[in-house]
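One file, entry-v5.cif, is given below (mmCIF, C-alpha atoms (C1' of nucleotides)).
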data_input
#
loop_
_atom_site.label_atom_id
_atom_site.label_comp_id
_atom_site.auth_asym_id
_atom_site.auth_seq_id
_atom_site.Cartn_x
_atom_site.Cartn_y
_atom_site.Cartn_z
CA MET B 1 104.16 103.53 110.61
CA SER B 2 100.49 103.21 109.76
CA THR B 3 99.20 102.61 106.26
CA ALA B 4 96.52 105.27 106.04
CA ALA B 5 96.76 108.99 106.54
CA GLU B 6 96.08 109.20 110.22
CA GLY B 7 95.46 112.82 110.87
CA GLU B 8 92.57 113.60 108.59
CA CYS B 9 89.71 111.83 110.38
CA SER B 10 88.40 111.20 113.84
CA VAL B 11 89.60 108.07 115.56
CA PRO B 12 86.31 106.15 115.31
CA GLN B 13 86.08 106.94 111.60
CA ARG B 14 89.64 105.77 111.04
CA LEU B 15 88.89 102.56 112.91
CA LEU B 16 85.78 101.95 110.83
CA ALA B 17 87.64 102.59 107.60
CA ALA B 18 90.52 100.33 108.54
CA ALA B 19 88.16 97.59 109.66
CA THR B 20 86.18 97.81 106.42
CA ARG B 21 89.29 97.50 104.29
CA LEU B 22 90.72 94.62 106.30
CA PHE B 23 87.44 92.72 106.65
CA ALA B 24 86.91 92.96 102.90
CA GLY B 25 90.45 91.86 102.13
CA GLN B 26 90.92 88.94 104.48
CA GLY B 27 87.54 88.31 106.06
CA TYR B 28 86.24 89.04 109.54
CA ASP B 29 87.73 86.08 111.33
CA ARG B 30 91.15 86.41 109.75
CA THR B 31 91.39 90.02 110.86
CA SER B 32 92.61 90.48 114.42
CA VAL B 33 91.68 93.47 116.51
CA GLN B 34 95.38 94.14 116.75
CA GLU B 35 95.65 94.54 112.97
CA ILE B 36 92.74 96.96 112.90
CA VAL B 37 94.12 99.23 115.56
CA GLU B 38 97.57 99.20 113.97
CA ALA B 39 96.13 100.13 110.58
CA ALA B 40 94.23 102.95 112.23
CA GLY B 41 97.30 104.10 114.13
CA VAL B 42 95.83 103.63 117.60
CA THR B 43 95.69 100.84 120.21
CA LYS B 44 93.08 98.50 121.56
CA GLY B 45 92.23 100.93 124.31
CA ALA B 46 90.93 103.36 121.69
CA LEU B 47 88.87 100.73 119.88
CA TYR B 48 87.17 99.46 123.00
CA HIS B 49 86.62 103.04 124.08
CA TYR B 50 84.40 103.67 121.04
CA PHE B 51 83.05 100.21 120.20
CA GLY B 52 81.66 97.56 122.49
CA SER B 53 83.16 94.62 120.64
CA LYS B 54 84.54 93.44 117.35
CA ASP B 55 80.97 92.48 116.41
CA ASP B 56 79.88 96.06 116.99
CA LEU B 57 82.43 97.23 114.48
CA LEU B 58 81.06 94.86 111.87
CA HIS B 59 77.53 95.92 112.64
CA GLU B 60 78.44 99.55 112.09
CA VAL B 61 79.75 98.74 108.65
CA TYR B 62 76.46 97.05 107.83
CA ALA B 63 74.34 99.89 109.19
CA ARG B 64 76.21 102.42 107.08
CA VAL B 65 75.77 100.64 103.76
CA LEU B 66 72.15 99.70 104.48
CA ARG B 67 71.26 103.30 105.23
CA LEU B 68 72.92 104.50 102.06
CA GLN B 69 71.20 102.03 99.75
CA GLN B 70 67.78 102.55 101.28
CA GLU B 71 68.06 106.29 100.77
CA ARG B 72 69.03 105.95 97.12
CA LEU B 73 66.24 103.52 96.35
CA ASP B 74 63.62 105.70 98.02
CA CYS B 75 64.78 108.55 95.88
CA PHE B 76 64.17 106.66 92.63
CA ALA B 77 60.99 104.91 93.69
CA ARG B 78 59.28 108.14 94.71
CA SER B 79 59.79 109.78 91.34
CA ASP B 80 56.70 110.12 89.15
CA ALA B 81 58.33 108.86 85.98
CA PRO B 82 56.83 105.81 84.25
CA VAL B 83 57.49 102.59 86.13
CA GLU B 84 59.91 101.13 83.58
CA LYS B 85 62.08 104.23 83.88
CA ARG B 86 61.96 104.17 87.68
CA LEU B 87 62.91 100.50 87.83
CA ARG B 88 65.66 100.84 85.27
CA GLU B 89 67.24 103.75 87.11
CA ALA B 90 66.95 102.02 90.45
CA ALA B 91 68.44 98.83 89.03
CA ALA B 92 71.35 100.72 87.49
CA ASP B 93 71.92 102.85 90.57
CA VAL B 94 72.24 99.89 92.90
CA VAL B 95 74.99 98.59 90.63
CA VAL B 96 76.86 101.89 90.68
CA THR B 97 76.64 102.34 94.45
CA THR B 98 77.61 98.72 94.97
CA ILE B 99 80.72 99.18 92.85
CA GLU B 100 81.52 102.44 94.59
CA ASN B 101 81.39 100.60 97.93
CA LEU B 102 82.68 97.22 96.86
CA ASP B 103 84.47 96.61 100.15
CA ASP B 104 81.29 97.02 102.14
CA THR B 105 79.42 94.71 99.79
CA LYS B 106 82.05 92.01 99.96
CA ILE B 107 81.86 92.10 103.73
CA PHE B 108 78.10 92.09 103.64
CA PHE B 109 77.65 88.78 101.93
CA ARG B 110 80.70 87.04 103.20
CA SER B 111 80.52 87.89 106.90
CA MET B 112 76.83 88.08 107.68
CA HIS B 113 76.95 84.89 109.69
CA HIS B 114 79.49 86.40 112.06
CA LEU B 115 76.90 88.77 113.48
CA GLY B 116 75.16 87.83 116.67
CA PRO B 117 71.53 86.67 116.37
CA GLU B 118 69.78 89.91 117.30
CA LYS B 119 71.98 92.11 115.14
CA LEU B 120 71.60 89.62 112.32
CA ALA B 121 67.81 89.78 112.62
CA GLN B 122 67.93 93.56 112.52
CA VAL B 123 70.12 93.61 109.41
CA ARG B 124 67.95 91.03 107.71
CA ALA B 125 64.81 93.00 108.46
CA GLU B 126 66.23 96.14 106.88
CA ARG B 127 67.44 94.13 103.95
CA ARG B 128 63.97 92.68 103.46
CA ARG B 129 62.40 96.13 103.47
CA TYR B 130 64.81 97.08 100.73
CA HIS B 131 63.90 94.02 98.67
CA GLU B 132 60.21 94.65 99.13
CA ARG B 133 60.42 98.19 97.92
CA PHE B 134 62.22 97.00 94.82
CA ARG B 135 59.73 94.21 94.30
CA ALA B 136 56.86 96.65 94.52
CA LEU B 137 58.24 98.39 91.44
CA VAL B 138 58.33 95.13 89.52
CA GLU B 139 54.80 94.23 90.59
CA GLU B 140 53.51 97.65 89.62
CA GLY B 141 54.90 97.19 86.13
CA GLN B 142 53.48 93.68 85.92
CA ARG B 143 50.00 94.85 86.91
CA SER B 144 50.05 97.64 84.38
CA GLY B 145 51.25 95.27 81.69
CA VAL B 146 54.56 96.91 80.78
CA PHE B 147 56.39 93.93 82.33
CA THR B 148 55.69 90.26 81.74
CA SER B 149 54.15 88.33 84.61
CA ALA B 150 55.71 85.06 83.48
CA THR B 151 58.13 85.12 86.42
CA PRO B 152 57.08 85.91 90.00
CA ALA B 153 58.28 89.34 91.07
CA ASP B 154 60.28 88.13 94.03
CA LEU B 155 62.26 85.78 91.82
CA VAL B 156 63.01 88.66 89.48
CA VAL B 157 64.29 90.70 92.40
CA ASP B 158 66.47 87.86 93.65
CA TYR B 159 67.75 87.35 90.14
CA HIS B 160 68.89 90.92 89.81
CA PHE B 161 70.28 91.31 93.32
CA GLY B 162 72.08 88.03 92.98
CA SER B 163 74.17 89.42 90.19
CA VAL B 164 74.63 92.68 92.06
CA HIS B 165 75.97 90.87 95.12
CA HIS B 166 78.23 88.90 92.88
CA LEU B 167 79.90 92.03 91.52
CA GLY B 168 82.51 91.89 94.28
CA ALA B 169 83.65 88.54 92.93
CA TRP B 170 84.68 89.76 89.50
CA TYR B 171 84.53 93.53 89.07
CA HIS B 172 87.84 95.38 89.12
CA PRO B 173 87.98 99.17 88.90
CA GLU B 174 90.90 98.95 86.47
CA GLY B 175 88.94 96.71 84.13
CA ARG B 176 87.73 97.77 80.71
CA LEU B 177 84.22 98.63 81.86
CA SER B 178 83.35 101.59 84.03
CA ALA B 179 80.83 101.27 86.84
CA ALA B 180 78.25 103.17 84.79
CA GLN B 181 78.76 100.89 81.78
CA VAL B 182 78.31 97.74 83.86
CA ALA B 183 75.26 99.27 85.48
CA GLY B 184 73.79 100.05 82.08
CA HIS B 185 74.32 96.54 80.82
CA LEU B 186 72.90 94.85 83.91
CA ALA B 187 69.88 97.15 83.90
CA ASP B 188 69.38 96.35 80.21
CA LEU B 189 69.45 92.65 80.93
CA LEU B 190 66.82 93.09 83.62
CA MET B 191 64.57 95.22 81.45
CA ARG B 192 64.86 92.83 78.52
CA ALA B 193 64.04 89.90 80.78
CA LEU B 194 60.89 91.75 81.84
CA ARG B 195 59.68 92.61 78.34
CA PRO B 196 56.26 91.05 77.74
CA MET L 1 76.10 60.28 120.66
CA SER L 2 76.89 61.68 117.23
CA THR L 3 74.38 63.53 115.09
CA ALA L 4 74.65 61.52 111.90
CA ALA L 5 74.28 57.84 111.36
CA GLU L 6 77.83 56.75 111.85
CA GLY L 7 77.92 53.29 110.49
CA GLU L 8 76.76 53.78 106.96
CA CYS L 9 79.81 55.45 105.44
CA SER L 10 83.55 55.28 105.53
CA VAL L 11 85.31 57.52 107.99
CA PRO L 12 86.74 59.99 105.43
CA GLN L 13 83.31 60.38 103.85
CA ARG L 14 81.70 61.00 107.21
CA LEU L 15 84.36 63.59 108.00
CA LEU L 16 83.79 65.32 104.66
CA ALA L 17 80.04 65.33 105.16
CA ALA L 18 80.29 66.69 108.70
CA ALA L 19 82.76 69.35 107.62
CA THR L 20 80.53 70.42 104.75
CA ARG L 21 77.51 70.80 106.98
CA LEU L 22 79.39 72.67 109.68
CA PHE L 23 81.32 74.94 107.32
CA ALA L 24 78.08 75.87 105.56
CA GLY L 25 76.30 76.53 108.83
CA GLN L 26 78.86 78.50 110.79
CA GLY L 27 81.68 79.22 108.38
CA TYR L 28 85.14 77.75 108.10
CA ASP L 29 86.80 79.78 110.83
CA ARG L 30 83.99 79.31 113.33
CA THR L 31 84.19 75.55 112.96
CA SER L 32 86.86 73.87 115.06
CA VAL L 33 88.48 70.63 114.08
CA GLN L 34 87.16 69.26 117.36
CA GLU L 35 83.57 69.96 116.30
CA ILE L 36 84.07 68.21 113.00
CA VAL L 37 85.49 65.04 114.48
CA GLU L 38 82.78 64.95 117.14
CA ALA L 39 80.06 65.31 114.51
CA ALA L 40 81.66 62.50 112.53
CA GLY L 41 82.00 60.33 115.63
CA VAL L 42 85.77 60.02 115.49
CA THR L 43 88.74 61.91 116.90
CA LYS L 44 91.44 64.20 115.59
CA GLY L 45 93.75 61.31 115.01
CA ALA L 46 91.38 59.97 112.38
CA LEU L 47 91.03 63.31 110.65
CA TYR L 48 94.75 63.90 110.39
CA HIS L 49 95.19 60.34 109.27
CA TYR L 50 93.13 60.99 106.14
CA PHE L 51 93.60 64.72 105.56
CA GLY L 52 96.74 66.78 105.73
CA SER L 53 95.15 69.82 107.31
CA LYS L 54 91.90 71.66 107.86
CA ASP L 55 92.61 73.47 104.58
CA ASP L 56 92.79 70.14 102.81
CA LEU L 57 89.33 69.29 104.02
CA LEU L 58 87.97 72.51 102.58
CA HIS L 59 89.80 71.93 99.35
CA GLU L 60 88.23 68.49 99.02
CA VAL L 61 84.79 70.03 99.31
CA TYR L 62 85.66 72.43 96.51
CA ALA L 63 87.12 69.76 94.28
CA ARG L 64 84.02 67.63 94.61
CA VAL L 65 81.55 70.31 93.60
CA LEU L 66 83.77 71.65 90.80
CA ARG L 67 84.12 68.21 89.28
CA LEU L 68 80.38 67.64 89.42
CA GLN L 69 79.42 70.92 87.78
CA GLN L 70 82.03 70.64 85.06
CA GLU L 71 80.76 67.19 84.11
CA ARG L 72 77.15 68.32 83.92
CA LEU L 73 77.97 71.35 81.80
CA ASP L 74 80.09 69.29 79.38
CA CYS L 75 77.18 66.95 78.96
CA PHE L 76 74.82 69.75 77.89
CA ALA L 77 77.32 71.68 75.80
CA ARG L 78 78.29 68.67 73.72
CA SER L 79 74.72 67.94 72.65
CA ASP L 80 73.87 68.81 69.05
CA ALA L 81 70.60 70.53 69.83
CA PRO L 82 70.17 74.16 68.72
CA VAL L 83 72.22 76.57 70.80
CA GLU L 84 69.25 78.19 72.54
CA LYS L 85 68.14 74.78 73.78
CA ARG L 86 71.65 73.84 74.92
CA LEU L 87 72.10 77.11 76.81
CA ARG L 88 68.68 76.96 78.37
CA GLU L 89 69.20 73.45 79.64
CA ALA L 90 72.66 74.22 80.94
CA ALA L 91 71.39 77.36 82.67
CA ALA L 92 68.55 75.45 84.29
CA ASP L 93 70.72 72.50 85.27
CA VAL L 94 73.25 74.61 87.10
CA VAL L 95 70.40 75.96 89.21
CA VAL L 96 69.14 72.49 90.05
CA THR L 97 72.55 71.08 90.96
CA THR L 98 73.32 74.21 92.97
CA ILE L 99 70.14 73.77 94.97
CA GLU L 100 70.82 70.08 95.41
CA ASN L 101 74.23 70.93 96.88
CA LEU L 102 73.38 74.19 98.60
CA ASP L 103 75.80 73.58 101.45
CA ASP L 104 78.72 73.20 99.11
CA THR L 105 77.75 76.35 97.25
CA LYS L 106 77.44 78.38 100.41
CA ILE L 107 80.90 77.30 101.44
CA PHE L 108 82.25 78.00 97.98
CA PHE L 109 81.53 81.68 97.89
CA ARG L 110 81.87 82.42 101.56
CA SER L 111 85.09 80.61 102.36
CA MET L 112 87.18 80.88 99.20
CA HIS L 113 89.59 83.28 100.82
CA HIS L 114 90.46 80.71 103.46
CA LEU L 115 92.24 78.56 100.92
CA GLY L 116 95.99 78.86 100.60
CA PRO L 117 97.32 80.70 97.53
CA GLU L 118 98.18 77.69 95.37
CA LYS L 119 94.93 75.83 96.10
CA LEU L 120 93.04 79.05 95.51
CA ALA L 121 94.71 79.50 92.13
CA GLN L 122 93.80 75.95 91.19
CA VAL L 123 90.16 76.37 92.17
CA ARG L 124 89.96 79.70 90.36
CA ALA L 125 91.43 78.18 87.21
CA GLU L 126 88.85 75.41 87.17
CA ARG L 127 86.14 77.92 87.86
CA ARG L 128 87.29 80.06 84.95
CA ARG L 129 87.24 77.10 82.59
CA TYR L 130 83.66 76.52 83.63
CA HIS L 131 82.71 80.12 82.97
CA GLU L 132 84.42 80.09 79.60
CA ARG L 133 82.58 77.02 78.43
CA PHE L 134 79.32 78.66 79.40
CA ARG L 135 80.32 81.90 77.72
CA ALA L 136 81.15 80.06 74.52
CA LEU L 137 77.52 78.99 74.31
CA VAL L 138 76.34 82.57 74.64
CA GLU L 139 78.81 83.77 72.02
CA GLU L 140 77.80 81.05 69.63
CA GLY L 141 74.20 82.15 69.89
CA GLN L 142 75.17 85.78 69.45
CA ARG L 143 77.17 85.05 66.28
CA SER L 144 74.35 83.08 64.77
CA GLY L 145 71.88 85.82 65.64
CA VAL L 146 69.51 83.91 67.91
CA PHE L 147 70.77 85.98 70.88
CA THR L 148 71.16 89.73 71.03
CA SER L 149 74.71 91.08 71.08
CA ALA L 150 73.68 94.18 73.00
CA THR L 151 75.42 92.89 76.15
CA PRO L 152 78.92 91.38 76.15
CA ALA L 153 78.81 87.64 76.66
CA ASP L 154 80.97 87.61 79.78
CA LEU L 155 78.64 90.07 81.47
CA VAL L 156 75.70 87.84 80.62
CA VAL L 157 77.49 84.90 82.18
CA ASP L 158 78.32 86.84 85.35
CA TYR L 159 74.74 88.02 85.48
CA HIS L 160 73.36 84.53 85.45
CA PHE L 161 75.94 82.98 87.75
CA GLY L 162 75.56 85.85 90.16
CA SER L 163 71.98 84.89 90.77
CA VAL L 164 72.92 81.22 90.93
CA HIS L 165 75.50 81.87 93.63
CA HIS L 166 72.97 83.93 95.48
CA LEU L 167 70.55 81.02 95.72
CA GLY L 168 72.06 79.95 99.01
CA ALA L 169 71.01 83.27 100.50
CA TRP L 170 67.29 82.84 100.00
CA TYR L 171 66.27 79.41 98.73
CA HIS L 172 64.74 77.03 101.24
CA PRO L 173 63.78 73.49 100.29
CA GLU L 174 60.52 73.82 102.21
CA GLY L 175 59.57 76.92 100.25
CA ARG L 176 56.72 77.04 97.77
CA LEU L 177 58.94 76.55 94.72
CA SER L 178 60.71 73.34 93.83
CA ALA L 179 64.26 73.36 92.55
CA ALA L 180 63.04 72.60 89.04
CA GLN L 181 60.53 75.45 89.14
CA VAL L 182 63.14 77.95 90.26
CA ALA L 183 65.50 76.64 87.60
CA GLY L 184 62.84 77.06 84.94
CA HIS L 185 62.13 80.64 85.97
CA LEU L 186 65.78 81.67 86.13
CA ALA L 187 66.49 80.05 82.77
CA ASP L 188 63.47 81.87 81.32
CA LEU L 189 64.79 85.17 82.63
CA LEU L 190 68.14 84.52 80.99
CA MET L 191 66.65 83.49 77.66
CA ARG L 192 64.30 86.46 77.60
CA ALA L 193 67.19 88.79 78.38
CA LEU L 194 69.02 87.33 75.38
CA ARG L 195 66.15 87.64 72.90
CA PRO L 196 67.18 89.91 70.03
"C1'" DC F 1 97.68 25.51 112.32
"C1'" DG F 2 100.15 28.71 115.34
"C1'" DC F 3 102.93 32.59 115.60
"C1'" DC F 4 105.47 36.51 114.51
"C1'" DA F 5 106.35 40.94 111.85
"C1'" DC F 6 104.45 44.58 110.13
"C1'" DA F 7 100.95 47.88 108.56
"C1'" DT F 8 96.88 50.31 108.62
"C1'" DA F 9 93.43 52.79 111.29
"C1'" DC F 10 92.53 55.36 114.93
"C1'" DC F 11 92.85 57.47 119.88
"C1'" DG F 12 93.45 61.45 122.98
"C1'" DA F 13 96.51 64.11 125.89
"C1'" DC F 14 99.59 67.77 125.02
"C1'" DT F 15 101.90 72.12 123.08
"C1'" DG F 16 102.95 76.43 121.21
"C1'" DG F 17 100.87 80.13 119.52
"C1'" DT F 18 97.07 83.33 118.88
"C1'" DT F 19 93.10 86.15 120.25
"C1'" DA F 20 89.23 89.02 122.19
"C1'" DG F 21 88.53 91.63 125.74
"C1'" DT F 22 90.08 93.88 130.50
"C1'" DC F 23 92.21 96.97 133.49
"C1'" DT F 24 95.27 100.13 135.40
"C1'" DG F 25 97.30 104.22 134.56
"C1'" DC F 26 99.00 108.39 132.17
"C1'" DG F 27 98.92 112.85 129.75
"C1'" DC F 28 96.48 116.69 128.20
"C1'" DC F 29 92.72 120.07 128.23
"C1'" DG F 30 89.36 122.81 130.32
"C1'" DC E 1 92.41 119.39 139.64
"C1'" DG E 2 89.26 116.28 137.43
"C1'" DG E 3 87.96 113.60 133.82
"C1'" DC E 4 88.08 112.39 128.90
"C1'" DG E 5 90.67 109.84 125.50
"C1'" DC E 6 93.66 106.74 124.96
"C1'" DA E 7 98.03 103.47 125.85
"C1'" DG E 8 99.66 98.86 126.37
"C1'" DA E 9 100.62 95.05 129.33
"C1'" DC E 10 97.90 91.23 130.90
"C1'" DT E 11 94.71 87.12 131.09
"C1'" DA E 12 91.83 83.46 130.22
"C1'" DA E 13 90.31 80.80 126.62
"C1'" DC E 14 90.74 78.43 122.48
"C1'" DC E 15 92.59 75.99 118.64
"C1'" DA E 16 95.36 73.60 114.80
"C1'" DG E 17 98.36 70.33 114.62
"C1'" DT E 18 101.63 66.63 116.92
"C1'" DC E 19 102.97 62.44 118.80
"C1'" DG E 20 103.38 58.35 121.29
"C1'" DG E 21 100.35 54.67 122.03
"C1'" DT E 22 96.74 50.93 121.01
"C1'" DA E 23 93.90 47.75 118.43
"C1'" DT E 24 92.67 45.24 114.53
"C1'" DG E 25 93.89 43.01 110.63
"C1'" DT E 26 97.19 40.57 107.01
"C1'" DG E 27 100.68 37.91 104.96
"C1'" DG E 28 104.58 34.84 105.50
"C1'" DC E 29 106.95 31.01 107.61
"C1'" DG E 30 108.03 27.08 110.32
#
How does this structure look as structure tokens?
Amino acid sequence: MSTAAEGECSVPQRLLAAATRLFAGQGYDRTSVQEIVEAAGVTKGALYHYFGSKDDLLHEVYARVLRLQQERLDCFARSDAPVEKRLREAAADVVVTTIENLDDTKIFFRSMHHLGPEKLAQVRAERRRYHERFRALVEEGQRSGVFTSATPADLVVDYHFGSVHHLGAWYHPEGRLSAAQVAGHLADLLMRALRP
Amino acid sequence: MSTAAEGECSVPQRLLAAATRLFAGQGYDRTSVQEIVEAAGVTKGALYHYFGSKDDLLHEVYARVLRLQQERLDCFARSDAPVEKRLREAAADVVVTTIENLDDTKIFFRSMHHLGPEKLAQVRAERRRYHERFRALVEEGQRSGVFTSATPADLVVDYHFGSVHHLGAWYHPEGRLSAAQVAGHLADLLMRALRP
DNA sequence: CGCCACATACCGACTGGTTAGTCTGCGCCG
DNA sequence: CGGCGCAGACTAACCAGTCGGTATGTGGCG
């Protein structure tokens, strides 16, 4: 009766997965709690046993993807390779992980305003930390002269992340370009834009 | 009693303006028809006198901004300046008009999925035409050798428009950069990324 | 000019349907 | 037997859209 394989995960994980898929497909508001629990093969009692509210569910989705991206970026930034290599790899990796979690990303930028104020502030703060770490890489390259300083670093970061966030609007896994190929091209564009 | 000056516009225009502001601020689903008519200083009878449904209202917002952007792009593309000048001006102009109509843009990419299937198809078709005209400029420059062909033209277009769409997420009119300054920087980034 | 017929513009109470969240209870496991 | 994990009916609120009604014009006709 349910769409997903029900037996292979714990109930909260199944609920989170179903919610992610449905939120990404039809948006937060258009997805009723009833639909989520049916897709997960349980009932509302189960959902409200594990989550405080529908908002909580959304917040969990956000927390998961934020944690993942922060970890990956840290990994690249801490390397001791030259800065242009570190930035290029970080820029490409964020594209790959975004494509690998396209549902989460779609939700992220489409449903942010559905979060309550305090959860929103928390998500925004984490997001800002992520941006700042990325920007630090750009600034490092600008100071050392391998990148042009013609454009302020924060604008460069917003430029790149803008196109990353937009991936959900056009990328299809069955398309002619693989995630790695797209990532390579977008990273190239960024690096060329930063050439002195 | 109402928030906006009521007397200076026709009722349908006031309704459209109120809807735009509210949709951008709280999203389509979180905005009730009651809120819209109160903000416009009328009642539901007036709204349903001029618009067929809440969807219609949203669709009108889309149609307005699509028409505007298409006109502006046509204007730049038809010039007989060298292609790098035409593309640069078009790329900068789309940033300026996006910033000047930030509310519309926010709605555009956040609430698309609220449109019914046939209206959605129509909006998408117009959007695609816009993209294709922009892409044609990039391809022209690539053929004539003033732009690098390292990156496929459609990816370049998605790269630029991605950051344009993302403007609504970070740009604030009171910030330190004017719309024209941001437009100049983003156009510079694009042109540098296209240098051979 | 006075008056009627009709239309356009708008009002606001009402309805049918939907939804998030609650609460009581039941079955299974330790 | 006791409590954890969950079922599912229930409720209170809300909301898009409807519909009969009202007011303000507008054109024709006697």
Show me, as a ChimeraX atom specification, every residue of chain B with an atom at most 7 Å from chain L, counting only C-alpha atoms.
/B:26,29,110,113,151,158-160,162-163,166,185,189-190,192-193
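Between atom CA of Asp74 of chain L and atom CA of Arg143 of chain L there is a distance of 20.7 Å.
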Go through the shown structure with the PyMOL selection byres ((chain E) within 8 of (chain B)) and write out the matching residues as an mmCIF file with C-alpha atoms (C1' of nucleotides), in the coordinates of the input.
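Dumped to out-v3.cif:
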data_model
loop_
_atom_site.group_PDB
_atom_site.id
_atom_site.type_symbol
_atom_site.label_atom_id
_atom_site.label_comp_id
_atom_site.auth_asym_id
_atom_site.auth_seq_id
_atom_site.Cartn_x
_atom_site.Cartn_y
_atom_site.Cartn_z
ATOM 1 C "C1'" DG E 5 90.670 109.840 125.500
ATOM 2 C "C1'" DC E 6 93.660 106.740 124.960
ATOM 3 C "C1'" DA E 7 98.030 103.470 125.850
ATOM 4 C "C1'" DG E 8 99.660 98.860 126.370
#
For the provided coordinates, the residues matched by the PyMOL selection byres ((chain F) within 9 of (chain B)) should be stated as a list in words.
DT19, DA20 and DG21 of chain F
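Reported to one decimal place, the separation of atom CA of Tyr62 of chain L from atom CA of Thr97 of chain L is 14.3 Å.
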Can you list what the PyMOL selection byres ((chain E and resi 10) around 10) grabs from this structure, as an MDAnalysis selection string?
(chainID F and resid 22:23) or (chainID E and resid 8:9 11:12)
Using Å and a single decimal, report how far atom CA of Cys9 of chain B sits from atom CA of Ala39 of chain B.
13.3 Å
List every protein, DNA or RNA residue that has at least one atom no more than 12 Å from (100.9, 25.9, 112.8) in the file's coordinates, counting only C-alpha atoms (C1' of nucleotides), and write the result as a VMD selection string.
(chain F and resid 1 to 4) or (chain E and resid 29 to 30)
Since we have the selection now, will you write its residues out, keeping C-alpha atoms (C1' of nucleotides), as a PDB file, keeping the file's coordinate frame?
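In the end it all went to out_6.pdb:
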ATOM      1  C1'  DC F   1      97.680  25.510 112.320  1.00  0.00           C
ATOM      2  C1'  DG F   2     100.150  28.710 115.340  1.00  0.00           C
ATOM      3  C1'  DC F   3     102.930  32.590 115.600  1.00  0.00           C
ATOM      4  C1'  DC F   4     105.470  36.510 114.510  1.00  0.00           C
TER       5       DC F   4
ATOM      6  C1'  DC E  29     106.950  31.010 107.610  1.00  0.00           C
ATOM      7  C1'  DG E  30     108.030  27.080 110.320  1.00  0.00           C
TER       8       DG E  30
END
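In terms of minimum interatomic distance to His172 of chain B, B:Leu102 ranks closest within B:Leu87, B:Cys75, B:Leu15, B:Leu102, counting all atoms listed in the file.
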Quick one: which chain F residues come within 10 Å of segment 13-21 of chain E, and what is the nearest atom pair for each with the distance in Å to one decimal, counting only C-alpha atoms (C1' of nucleotides), rows ordered by chain and ascending number, as JSON lines?
{"residue": "F:DC11", "atom": "C1'", "partner": "E:DG21", "partner_atom": "C1'", "distance": 8.3}
{"residue": "F:DG12", "atom": "C1'", "partner": "E:DG21", "partner_atom": "C1'", "distance": 9.7}
{"residue": "F:DA13", "atom": "C1'", "partner": "E:DC19", "partner_atom": "C1'", "distance": 9.7}
{"residue": "F:DC14", "atom": "C1'", "partner": "E:DT18", "partner_atom": "C1'", "distance": 8.4}
{"residue": "F:DT15", "atom": "C1'", "partner": "E:DT18", "partner_atom": "C1'", "distance": 8.3}
{"residue": "F:DG17", "atom": "C1'", "partner": "E:DC15", "partner_atom": "C1'", "distance": 9.3}
{"residue": "F:DT18", "atom": "C1'", "partner": "E:DC15", "partner_atom": "C1'", "distance": 8.6}
{"residue": "F:DT19", "atom": "C1'", "partner": "E:DC14", "partner_atom": "C1'", "distance": 8.4}
{"residue": "F:DA20", "atom": "C1'", "partner": "E:DA13", "partner_atom": "C1'", "distance": 9.4}
Surrounding residues of Arg86 of chain B excluding itself and chain neighbours under 3 positions, 8 Å, only C-alpha atoms (C1' of nucleotides), as a ChimeraX atom specification:
/B:76-77,79,81-83,89-90,137
Do a neighbour search on DG3 of chain E at 12 Å with all atoms listed in the file, toss out local chain neighbours closer than 3 positions, and write the hits as a PyMOL selection string.
chain F and resi 27-30
Could you check which of L:Glu118, L:Glu100, L:Glu84, L:Asp93 is closest to Glu140 of chain L, using all atoms listed in the file?
L:Glu84
